[in-house]
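Student: Have a peek at start-v8.cif (mmCIF, C-alpha atoms).
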data_structure
loop_
_atom_site.label_atom_id
_atom_site.label_comp_id
_atom_site.auth_asym_id
_atom_site.auth_seq_id
_atom_site.Cartn_x
_atom_site.Cartn_y
_atom_site.Cartn_z
CA MET A 1 -41.69 -49.67 30.10
CA THR A 2 -44.38 -50.83 32.48
CA GLN A 3 -44.18 -49.23 35.89
CA THR A 4 -46.38 -49.18 38.93
CA ILE A 5 -47.95 -45.76 39.22
CA ALA A 6 -49.90 -44.51 42.22
CA VAL A 7 -52.43 -41.73 41.73
CA ILE A 8 -52.87 -40.12 45.12
CA GLY A 9 -56.26 -38.48 45.44
CA GLY A 10 -57.19 -40.65 42.50
CA THR A 11 -60.91 -40.57 43.22
CA GLY A 12 -61.00 -36.91 42.16
CA LYS A 13 -61.69 -35.70 38.63
CA LEU A 14 -58.10 -35.11 37.51
CA GLY A 15 -56.76 -38.17 39.32
CA SER A 16 -59.40 -40.48 37.90
CA ALA A 17 -58.80 -39.24 34.38
CA LEU A 18 -55.03 -39.63 34.67
CA ALA A 19 -55.35 -43.10 36.21
CA TRP A 20 -57.69 -44.18 33.44
CA ARG A 21 -55.40 -42.88 30.67
CA LEU A 22 -52.28 -44.38 32.27
CA ALA A 23 -53.95 -47.78 32.71
CA ARG A 24 -55.17 -47.79 29.12
CA ALA A 25 -51.58 -47.04 28.08
CA GLY A 26 -50.49 -50.27 29.75
CA GLN A 27 -49.22 -49.07 33.11
CA ARG A 28 -50.06 -50.79 36.42
CA VAL A 29 -52.04 -48.09 38.17
CA ILE A 30 -53.14 -47.89 41.79
CA ILE A 31 -55.78 -45.40 42.88
CA GLY A 32 -54.94 -43.93 46.27
CA SER A 33 -57.52 -42.35 48.52
CA ARG A 34 -58.02 -41.62 52.20
CA THR A 35 -59.86 -44.91 52.58
CA ALA A 36 -59.09 -48.15 50.78
CA GLU A 37 -62.83 -48.69 50.21
CA SER A 38 -63.39 -45.54 48.17
CA ALA A 39 -60.17 -46.19 46.26
CA ALA A 40 -61.23 -49.73 45.41
CA ALA A 41 -64.70 -48.57 44.37
CA LYS A 42 -63.27 -45.96 41.99
CA ALA A 43 -60.75 -48.46 40.61
CA ALA A 44 -63.53 -50.95 39.90
CA ALA A 45 -65.63 -48.28 38.22
CA LEU A 46 -62.76 -47.24 35.95
CA GLY A 47 -61.80 -50.80 34.96
CA HIS A 48 -58.61 -51.49 32.95
CA GLY A 49 -57.09 -53.49 35.79
CA LEU A 50 -56.94 -50.57 38.21
CA THR A 51 -56.68 -51.32 41.90
CA GLY A 52 -57.30 -49.17 44.95
CA MET A 53 -55.52 -48.67 48.28
CA THR A 54 -55.03 -46.02 50.94
CA ASN A 55 -52.82 -43.14 49.81
CA ALA A 56 -49.95 -44.39 51.97
CA ASP A 57 -50.17 -48.00 50.70
CA ALA A 58 -50.48 -46.83 47.10
CA ALA A 59 -47.40 -44.62 47.44
CA ALA A 60 -45.44 -47.43 49.09
CA ALA A 61 -46.29 -49.86 46.29
CA ALA A 62 -45.49 -47.51 43.41
CA ASP A 63 -42.43 -46.57 41.35
CA VAL A 64 -43.91 -43.21 40.37
CA VAL A 65 -46.39 -41.26 42.48
CA PHE A 66 -48.85 -38.72 41.06
CA VAL A 67 -50.39 -36.32 43.58
CA THR A 68 -53.79 -34.96 42.47
CA VAL A 69 -55.44 -33.18 45.36
CA PRO A 70 -56.80 -29.66 45.89
CA PHE A 71 -54.39 -27.07 47.26
CA ALA A 72 -56.18 -27.08 50.62
CA ALA A 73 -55.43 -30.82 50.98
CA GLN A 74 -51.82 -30.70 49.75
CA GLU A 75 -50.05 -30.51 53.10
CA ALA A 76 -52.09 -33.26 54.78
CA THR A 77 -51.82 -35.55 51.75
CA LEU A 78 -48.06 -35.18 51.41
CA GLY A 79 -47.90 -35.96 55.12
CA GLU A 80 -49.65 -39.29 54.45
CA ILE A 81 -47.23 -40.36 51.73
CA GLY A 82 -43.98 -38.66 52.77
CA ALA A 83 -42.50 -41.76 54.42
CA HIS A 84 -43.05 -43.85 51.26
CA VAL A 85 -41.66 -41.75 48.40
CA SER A 86 -37.96 -41.38 49.14
CA GLY A 87 -35.97 -41.56 45.91
CA LYS A 88 -39.12 -41.83 43.80
CA ILE A 89 -40.48 -39.51 41.16
CA VAL A 90 -43.39 -37.58 42.63
CA VAL A 91 -45.52 -35.75 40.06
CA GLU A 92 -47.31 -32.85 41.71
CA THR A 93 -50.36 -31.52 39.88
CA THR A 94 -51.50 -29.17 42.64
CA VAL A 95 -52.59 -25.69 41.59
CA PRO A 96 -52.90 -22.93 44.19
CA LEU A 97 -56.56 -22.17 43.64
CA MET A 98 -58.04 -20.49 46.68
CA PRO A 99 -61.84 -20.42 46.54
CA PRO A 100 -63.90 -18.39 46.09
CA LYS A 101 -61.55 -16.24 43.96
CA VAL A 102 -60.41 -18.99 41.63
CA THR A 103 -60.11 -16.61 38.68
CA ARG A 104 -57.39 -14.59 40.43
CA VAL A 105 -53.74 -15.60 40.52
CA GLN A 106 -52.83 -16.26 44.16
CA LEU A 107 -49.42 -17.88 44.35
CA PRO A 108 -48.39 -19.18 47.79
CA ALA A 109 -45.61 -17.63 49.84
CA GLU A 110 -43.23 -20.37 48.65
CA GLY A 111 -43.69 -19.08 45.07
CA SER A 112 -45.56 -22.13 43.77
CA ALA A 113 -47.43 -25.19 44.99
CA ALA A 114 -44.56 -27.25 43.58
CA ALA A 115 -41.96 -25.41 45.67
CA ARG A 116 -44.22 -25.89 48.68
CA ALA A 117 -44.36 -29.63 47.99
CA GLN A 118 -40.58 -29.85 47.72
CA GLY A 119 -40.31 -28.12 51.06
CA LEU A 120 -42.78 -30.54 52.64
CA LEU A 121 -41.28 -33.70 51.11
CA GLY A 122 -37.63 -32.71 51.34
CA GLU A 123 -34.80 -33.05 48.84
CA GLY A 124 -34.80 -36.86 48.84
CA VAL A 125 -37.74 -36.91 46.43
CA ARG A 126 -37.43 -36.45 42.67
CA LEU A 127 -40.14 -33.82 42.45
CA VAL A 128 -41.73 -32.93 39.12
CA SER A 129 -44.81 -30.81 38.55
CA ALA A 130 -47.15 -31.03 35.58
CA PHE A 131 -50.78 -31.23 34.38
CA HIS A 132 -51.73 -27.82 35.80
CA ASN A 133 -53.54 -26.53 32.73
CA VAL A 134 -55.45 -29.46 31.31
CA ALA A 135 -59.21 -29.68 31.87
CA ALA A 136 -59.91 -32.87 33.83
CA HIS A 137 -63.21 -33.53 32.07
CA LYS A 138 -61.46 -33.52 28.70
CA LEU A 139 -58.74 -35.85 29.91
CA ALA A 140 -61.49 -38.20 31.06
CA GLU A 141 -62.82 -38.62 27.53
CA ASP A 142 -61.32 -40.64 24.70
CA ILE A 143 -60.51 -37.52 22.66
CA THR A 144 -57.50 -35.49 21.56
CA VAL A 145 -56.96 -32.83 24.21
CA GLU A 146 -55.78 -29.49 22.82
CA CYS A 147 -53.40 -28.67 25.65
CA ASP A 148 -49.64 -28.96 26.07
CA ILE A 149 -48.39 -30.39 29.35
CA LEU A 150 -45.59 -28.24 30.75
CA VAL A 151 -43.28 -30.32 32.94
CA PHE A 152 -41.11 -28.73 35.64
CA GLY A 153 -38.42 -30.03 37.95
CA ASP A 154 -34.82 -29.57 38.94
CA ASP A 155 -34.05 -33.20 37.95
CA LYS A 156 -33.97 -33.23 34.16
CA ASP A 157 -34.00 -37.03 33.89
CA ALA A 158 -37.11 -37.15 36.08
CA ARG A 159 -38.76 -34.59 33.79
CA THR A 160 -37.85 -36.71 30.77
CA GLU A 161 -39.46 -39.80 32.35
CA VAL A 162 -42.63 -37.87 33.10
CA ILE A 163 -42.73 -36.48 29.56
CA ALA A 164 -42.61 -40.07 28.29
CA LEU A 165 -45.71 -40.84 30.38
CA VAL A 166 -47.41 -37.69 29.05
CA GLU A 167 -46.75 -38.80 25.48
CA ALA A 168 -47.94 -42.33 26.31
CA ILE A 169 -51.35 -40.98 27.28
CA GLY A 170 -51.67 -38.99 24.07
CA LEU A 171 -50.60 -35.49 25.01
CA ARG A 172 -47.58 -33.36 24.16
CA GLY A 173 -45.23 -32.88 27.10
CA LEU A 174 -42.65 -30.09 27.10
CA HIS A 175 -39.72 -29.39 29.38
CA GLY A 176 -40.59 -26.23 31.30
CA GLY A 177 -37.32 -25.98 33.20
CA ALA A 178 -36.58 -25.70 36.89
CA LEU A 179 -39.21 -26.38 39.54
CA VAL A 180 -39.41 -22.64 40.26
CA ASN A 181 -40.91 -22.21 36.77
CA SER A 182 -43.96 -24.17 37.87
CA ALA A 183 -45.33 -20.80 39.03
CA ALA A 184 -45.99 -19.89 35.39
CA ALA A 185 -48.26 -22.88 34.71
CA GLU A 186 -49.89 -22.75 38.13
CA ALA A 187 -50.77 -19.07 37.67
CA MET A 188 -52.00 -19.79 34.15
CA THR A 189 -54.71 -22.05 35.57
CA SER A 190 -56.49 -19.15 37.28
CA LEU A 191 -56.28 -17.31 33.99
CA LEU A 192 -57.80 -20.24 32.08
CA ILE A 193 -60.68 -20.38 34.56
CA PHE A 194 -61.20 -16.65 34.00
CA ILE A 195 -61.20 -17.22 30.24
CA ASN A 196 -63.63 -20.15 30.58
CA LYS A 197 -66.07 -17.85 32.37
CA THR A 198 -65.50 -14.75 30.23
CA TYR A 199 -65.63 -16.49 26.85
CA GLN A 200 -67.89 -19.44 27.80
CA VAL A 201 -65.17 -21.94 26.93
CA ASP A 202 -65.64 -25.61 27.78
CA GLY A 203 -62.15 -26.12 29.20
CA ALA A 204 -59.61 -23.74 27.66
CA GLY A 205 -56.07 -25.04 27.37
CA ILE A 206 -52.71 -23.76 26.21
CA ARG A 207 -50.47 -24.54 23.29
CA ILE A 208 -46.88 -23.41 22.92
CA THR A 209 -46.34 -22.30 19.32
CA GLY A 210 -43.21 -22.53 17.20
CA ALA A 211 -41.32 -25.30 15.43
CA MET A 212 -39.48 -27.43 17.97
CA THR A 213 -36.43 -29.65 17.75
CA PRO A 214 -36.37 -32.35 20.44
CA PRO A 215 -33.50 -31.84 22.88
CA ALA A 216 -30.49 -34.14 22.51
CA MET B 1 -60.80 5.44 15.97
CA THR B 2 -57.55 7.30 15.46
CA GLN B 3 -55.75 8.10 18.67
CA THR B 4 -52.35 9.46 19.54
CA ILE B 5 -50.26 6.67 20.97
CA ALA B 6 -46.89 7.10 22.66
CA VAL B 7 -44.50 4.17 22.74
CA ILE B 8 -42.15 4.84 25.63
CA GLY B 9 -38.83 3.13 25.14
CA GLY B 10 -39.88 2.94 21.51
CA THR B 11 -36.34 2.63 20.18
CA GLY B 12 -36.13 -0.90 21.62
CA LYS B 13 -37.09 -4.07 19.76
CA LEU B 14 -40.58 -4.53 21.18
CA GLY B 15 -41.36 -0.81 21.17
CA SER B 16 -40.24 -0.32 17.59
CA ALA B 17 -42.27 -3.27 16.40
CA LEU B 18 -45.40 -2.11 18.21
CA ALA B 19 -44.99 1.46 16.98
CA TRP B 20 -44.57 0.25 13.40
CA ARG B 21 -47.65 -1.98 13.55
CA LEU B 22 -49.78 0.70 15.23
CA ALA B 23 -48.75 3.33 12.67
CA ARG B 24 -49.48 0.99 9.78
CA ALA B 25 -52.92 0.43 11.33
CA GLY B 26 -53.61 4.16 11.01
CA GLN B 27 -52.81 5.42 14.49
CA ARG B 28 -50.76 8.58 15.17
CA VAL B 29 -47.72 7.14 16.90
CA ILE B 30 -44.96 8.92 18.78
CA ILE B 31 -41.74 7.13 19.64
CA GLY B 32 -40.51 8.13 23.08
CA SER B 33 -36.90 7.76 24.17
CA ARG B 34 -34.53 9.25 26.72
CA THR B 35 -33.36 11.73 24.08
CA ALA B 36 -35.47 13.38 21.39
CA GLU B 37 -32.68 12.77 18.87
CA SER B 38 -32.65 9.00 19.15
CA ALA B 39 -36.47 8.96 19.16
CA ALA B 40 -36.60 11.04 15.98
CA ALA B 41 -33.98 8.89 14.30
CA LYS B 42 -35.90 5.70 15.03
CA ALA B 43 -39.17 7.30 13.93
CA ALA B 44 -37.60 8.32 10.61
CA ALA B 45 -36.17 4.85 10.10
CA LEU B 46 -39.55 3.21 10.69
CA GLY B 47 -41.49 5.60 8.42
CA HIS B 48 -45.31 5.52 8.30
CA GLY B 49 -45.57 9.06 9.69
CA LEU B 50 -43.98 8.21 13.03
CA THR B 51 -42.50 11.04 15.07
CA GLY B 52 -40.08 11.05 17.97
CA MET B 53 -39.85 12.94 21.28
CA THR B 54 -38.49 12.50 24.78
CA ASN B 55 -40.41 9.98 26.86
CA ALA B 56 -42.00 12.78 28.90
CA ASP B 57 -43.08 14.80 25.85
CA ALA B 58 -44.41 11.72 24.10
CA ALA B 59 -46.46 10.72 27.16
CA ALA B 60 -47.81 14.26 27.51
CA ALA B 61 -48.92 14.36 23.86
CA ALA B 62 -50.59 10.96 23.82
CA ASP B 63 -54.04 9.55 24.57
CA VAL B 64 -52.68 6.07 25.21
CA VAL B 65 -49.17 5.33 26.47
CA PHE B 66 -47.33 2.05 25.87
CA VAL B 67 -44.35 1.37 28.12
CA THR B 68 -41.77 -0.95 26.55
CA VAL B 69 -38.61 -0.93 28.63
CA PRO B 70 -36.57 -3.62 30.38
CA PHE B 71 -37.48 -4.42 33.98
CA ALA B 72 -34.29 -2.75 35.22
CA ALA B 73 -35.43 0.53 33.61
CA GLN B 74 -39.07 0.36 34.68
CA GLU B 75 -38.90 2.50 37.80
CA ALA B 76 -36.82 5.31 36.24
CA THR B 77 -38.95 5.36 33.09
CA LEU B 78 -42.25 5.53 34.96
CA GLY B 79 -40.69 8.38 36.94
CA GLU B 80 -40.12 10.27 33.66
CA ILE B 81 -43.72 9.93 32.50
CA GLY B 82 -45.67 9.81 35.77
CA ALA B 83 -46.66 13.46 35.70
CA HIS B 84 -48.12 13.14 32.20
CA VAL B 85 -50.34 10.06 32.31
CA SER B 86 -53.07 10.87 34.82
CA GLY B 87 -56.40 9.46 33.65
CA LYS B 88 -54.80 7.85 30.59
CA ILE B 89 -54.55 4.22 29.61
CA VAL B 90 -51.00 3.07 30.23
CA VAL B 91 -50.14 -0.27 28.64
CA GLU B 92 -47.28 -1.90 30.52
CA THR B 93 -45.35 -4.57 28.63
CA THR B 94 -42.61 -5.00 31.22
CA VAL B 95 -41.58 -8.55 32.07
CA PRO B 96 -39.54 -9.23 35.21
CA LEU B 97 -36.55 -10.82 33.49
CA MET B 98 -33.50 -10.61 35.70
CA PRO B 99 -30.32 -11.44 33.78
CA PRO B 100 -28.42 -13.66 33.68
CA LYS B 101 -31.08 -16.18 34.75
CA VAL B 102 -33.71 -15.18 32.19
CA THR B 103 -34.99 -18.75 31.86
CA ARG B 104 -36.08 -18.83 35.52
CA VAL B 105 -39.32 -17.32 36.79
CA GLN B 106 -38.41 -14.48 39.16
CA LEU B 107 -41.51 -12.48 40.02
CA PRO B 108 -40.91 -9.25 41.94
CA ALA B 109 -41.98 -8.74 45.54
CA GLU B 110 -45.09 -6.89 44.34
CA GLY B 111 -46.23 -10.09 42.60
CA SER B 112 -45.83 -8.79 39.04
CA ALA B 113 -44.19 -6.01 37.09
CA ALA B 114 -47.69 -4.70 36.39
CA ALA B 115 -48.54 -4.44 40.09
CA ARG B 116 -45.20 -2.69 40.62
CA ALA B 117 -46.10 -0.19 37.89
CA GLN B 118 -49.48 0.50 39.45
CA GLY B 119 -47.74 1.18 42.74
CA LEU B 120 -45.29 3.55 41.09
CA LEU B 121 -47.89 5.41 38.99
CA GLY B 122 -50.72 5.42 41.52
CA GLU B 123 -54.42 4.71 41.14
CA GLY B 124 -55.09 7.70 38.88
CA VAL B 125 -53.80 5.80 35.86
CA ARG B 126 -55.85 3.26 33.89
CA LEU B 127 -53.18 0.59 33.96
CA VAL B 128 -53.33 -2.36 31.59
CA SER B 129 -50.61 -4.92 30.95
CA ALA B 130 -50.13 -6.92 27.76
CA PHE B 131 -47.66 -8.13 25.09
CA HIS B 132 -45.55 -10.14 27.54
CA ASN B 133 -45.29 -13.29 25.46
CA VAL B 134 -44.89 -12.16 21.87
CA ALA B 135 -41.46 -12.33 20.24
CA ALA B 136 -40.46 -8.79 19.25
CA HIS B 137 -38.64 -9.90 16.11
CA LYS B 138 -41.80 -11.60 14.84
CA LEU B 139 -43.93 -8.57 15.57
CA ALA B 140 -41.44 -6.52 13.55
CA GLU B 141 -42.13 -8.53 10.40
CA ASP B 142 -45.16 -8.35 8.15
CA ILE B 143 -46.30 -11.85 9.09
CA THR B 144 -49.04 -13.56 11.08
CA VAL B 145 -47.72 -14.00 14.61
CA GLU B 146 -48.82 -17.22 16.28
CA CYS B 147 -49.30 -15.77 19.75
CA ASP B 148 -52.34 -14.62 21.70
CA ILE B 149 -52.03 -11.34 23.57
CA LEU B 150 -53.34 -11.68 27.11
CA VAL B 151 -54.60 -8.35 28.43
CA PHE B 152 -54.82 -7.61 32.16
CA GLY B 153 -56.19 -4.74 34.19
CA ASP B 154 -58.69 -3.88 36.88
CA ASP B 155 -60.47 -1.47 34.47
CA LYS B 156 -62.44 -3.68 32.09
CA ASP B 157 -63.20 -0.86 29.65
CA ALA B 158 -59.51 -0.01 29.43
CA ARG B 159 -58.78 -3.69 28.68
CA THR B 160 -61.42 -3.64 25.95
CA GLU B 161 -59.82 -0.57 24.33
CA VAL B 162 -56.42 -2.22 24.38
CA ILE B 163 -57.84 -5.41 22.90
CA ALA B 164 -59.20 -3.31 20.02
CA LEU B 165 -55.67 -2.04 19.37
CA VAL B 166 -54.32 -5.60 19.55
CA GLU B 167 -56.84 -6.71 16.94
CA ALA B 168 -56.05 -3.67 14.80
CA ILE B 169 -52.44 -4.77 14.52
CA GLY B 170 -53.39 -8.27 13.50
CA LEU B 171 -53.22 -10.29 16.70
CA ARG B 172 -55.81 -11.92 18.91
CA GLY B 173 -56.29 -10.15 22.23
CA LEU B 174 -57.98 -11.88 25.15
CA HIS B 175 -59.22 -10.57 28.47
CA GLY B 176 -56.96 -12.05 31.14
CA GLY B 177 -58.75 -10.54 34.10
CA ALA B 178 -57.51 -8.44 36.98
CA LEU B 179 -54.08 -6.83 36.96
CA VAL B 180 -52.90 -9.37 39.55
CA ASN B 181 -53.26 -12.04 36.84
CA SER B 182 -50.49 -10.39 34.87
CA ALA B 183 -48.15 -12.60 36.91
CA ALA B 184 -49.22 -15.57 34.80
CA ALA B 185 -48.16 -14.04 31.48
CA GLU B 186 -45.05 -12.41 32.94
CA ALA B 187 -43.89 -15.74 34.37
CA MET B 188 -44.70 -17.47 31.11
CA THR B 189 -42.09 -15.34 29.33
CA SER B 190 -39.22 -16.93 31.26
CA LEU B 191 -40.69 -20.28 30.35
CA LEU B 192 -40.88 -19.38 26.65
CA ILE B 193 -37.22 -18.31 26.72
CA PHE B 194 -36.38 -21.67 28.32
CA ILE B 195 -38.35 -23.44 25.58
CA ASN B 196 -36.63 -21.38 22.87
CA LYS B 197 -33.27 -22.57 24.17
CA THR B 198 -34.25 -26.16 24.92
CA TYR B 199 -36.11 -26.83 21.67
CA GLN B 200 -34.26 -24.35 19.41
CA VAL B 201 -37.44 -22.41 18.73
CA ASP B 202 -37.29 -19.10 16.86
CA GLY B 203 -39.62 -17.24 19.19
CA ALA B 204 -42.13 -19.56 20.87
CA GLY B 205 -45.52 -18.08 21.68
CA ILE B 206 -48.73 -19.19 23.36
CA ARG B 207 -52.22 -19.89 22.15
CA ILE B 208 -55.25 -20.34 24.34
CA THR B 209 -57.29 -23.25 22.97
CA GLY B 210 -61.04 -23.77 23.02
CA ALA B 211 -64.01 -22.31 21.20
CA MET B 212 -64.69 -18.80 22.47
CA THR B 213 -67.81 -16.65 22.54
CA PRO B 214 -67.01 -12.90 22.67
CA PRO B 215 -68.15 -11.37 25.97
CA ALA B 216 -71.30 -9.22 25.87
#
Could you render the structure from this file as structure tokens?
Tutor:
Amino acid sequence: MTQTIAVIGGTGKLGSALAWRLARAGQRVIIGSRTAESAAAKAAALGHGLTGMTNADAAAAADVVFVTVPFAAQEATLGEIGAHVSGKIVVETTVPLMPPKVTRVQLPAEGSAAARAQGLLGEGVRLVSAFHNVAAHKLAEDITVECDILVFGDDKDARTEVIALVEAIGLRGLHGGALVNSAAAEAMTSLLIFINKTYQVDGAGIRITGAMTPPA
Amino acid sequence: MTQTIAVIGGTGKLGSALAWRLARAGQRVIIGSRTAESAAAKAAALGHGLTGMTNADAAAAADVVFVTVPFAAQEATLGEIGAHVSGKIVVETTVPLMPPKVTRVQLPAEGSAAARAQGLLGEGVRLVSAFHNVAAHKLAEDITVECDILVFGDDKDARTEVIALVEAIGLRGLHGGALVNSAAAEAMTSLLIFINKTYQVDGAGIRITGAMTPPA
């Protein structure tokens, strides 16, 4: 099913890579940025029919809204789009990395960046969180990425829709349960950065092992 | 190197499995339990030269002390052994599962069960945490277990010693960084239980992906 997908903060590394993969998978994708000019420039550079708008305009035009900004920009960015996402699926990818100690787990007072987003956007949004653990530079290449995408949210149908998008861009998506469980994947990111440094890994990822039966 | 290893709470599923694997790997292993009788009975049942004592006696006799008890028993158990572990490596395996909602991440106020243990035991103990994500019933079988063991602790040398034990019992151990990072693996356990239920998995585990160079 073709949908219109906004990628807020889509000029960044993760956002660009997601936008590119989603567009190649046949979705109508809008890059959102603070200025329409930088969004349009990135969209043109990525090709595949991508367009660019301000974050607010992109969110308003979309059916599904991905948020791909650093933790420090989360609150301001959600403020820009909050009026335009009521009833929509919002896919938060924010990880609570707090430089300079990015190899240490530092979960926010709300328990997770996802819980913080739900608090900022309110209950009228179908909030899902995902894509915490995947290395952006791997997602940006036309390769198989060895990383499962754990998908969290209190709205199971919203999770299922996001998992379909994950599969459409060539990755395995797994239900991770309630939004509160996002803390596990968010914390894992600091650990993966530690492992990248300690073992000189070019973008460690995670795989969940065990034979799985798709849920009914 | 042969050491004497106590497995506190060693009559439980995880403790028994660890004790059995460590003994088969040539270590002198003592099962600890609340009563010497139940410890001795479990040790006899497991074979491989295992012995059994009270938790306190086992901790006192050991070079390295594994703690394998449920979260609800953590505080009382650490109270039993606290006087006998000064200067020793204590390997905490406790996961903050709080029944009945074991599929939801519920980290304790201290941030992790490992941080809670450090607070209870004090700074005189070389605290390491590990074995949060491995399914006990798989560890108890003579099979290859598809799960990496993430090892946390502020004492890098202590982590390295524990990783050597992990490798000795046939698993891959990875440095996970500071003790605070234990939150990532502890939270992941609730997620794995959710995945077991949702996808009918017989003991999901995790693998860290990416080519690794051992640290110098």
Student: Compile the contact shell of B:Val69 as a list of chain:residue names: residues with an atom at most 7 Å away, counting only C-alpha atoms, same-chain residues fewer than 2 positions apart removed.
Tutor: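 Everything that qualifies: B:Gly9, B:Val67, B:Phe71, B:Ala73, B:Gln74, B:Thr94.
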Student: Tell me which residues come within 9 Å of (-51.1, -17.5, 21.1), as number ranges by chain, counting all atoms listed in the file in the file's coordinates.
Tutor: A: 206-209; B: 133-134, 145-150, 171-172, 205-209
Student: Find the residues around B:Met53 up to 7 Å (all atoms listed in the file counted), leave out those fewer than 3 positions away in its own chain, and share them as a ChimeraX atom specification.
Tutor: /B:30-33,36,39-40,57-58
Student: Using the chain letters and numbers from this file, what does the PyMOL selection byres ((chain B and resi 62) around 8) select? Give the answer as a VMD selection string.
Tutor: chain B and resid 3 to 6 30 58 to 61 63 to 65
Student: To one decimal place in Å, what is the distance between atom CA of A:Leu22 and atom CA of A:Ile169?
Tutor: 6.1 Å
Student: Starting from chain B, keep only residues with some atom at most 7 Å from an atom of chain A, counting all atoms listed in the file, and report them as a VMD selection string.
Tutor: chain B and resid 104 to 105 146 176 to 177 180 to 181 184 187 to 188 191 194 to 195 198 to 215
Student: If we count only C-alpha atoms, what is near stretch 88-92 of chain A at a cut-off of 9 Å, once residues fewer than 3 positions away on the same chain are taken out, given as number ranges by chain?
Tutor: A: 62-69, 84-85, 95, 113-114, 117, 124-132, 158, 161-162
Student: Go ahead and compute the interatomic distance for atom CA of B:Ala45 and atom CA of B:Ile143, in Å to one decimal.
Tutor: 19.6 Å
Student: Using only C-alpha atoms, list the residues that have an atom at most 12 Å from (-48.6, 11.4, 4.3), coordinates as in the file, as a VMD selection string.
Tutor: chain B and resid 23 to 24 26 28 47 to 50
Student: Would you work out the distance separating atom CA of B:Val29 from atom CA of B:Thr51, expressed in Å to one decimal?
Tutor: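 About the pair atom CA of B:Val29 and atom CA of B:Thr51: they are 6.8 Å apart.
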Student: Enclose all atoms of stretch 51-70 of chain B listed in the file in an axis-aligned box, grow every side by 4 Å, and hand back centre and edge lengths in Å to one decimal, as AutoDock Vina command-line options.
Tutor:
--center_x -45.3 --center_y 5.6 --center_z 22.7 --size_x 25.5 --size_y 26.4 --size_z 23.3
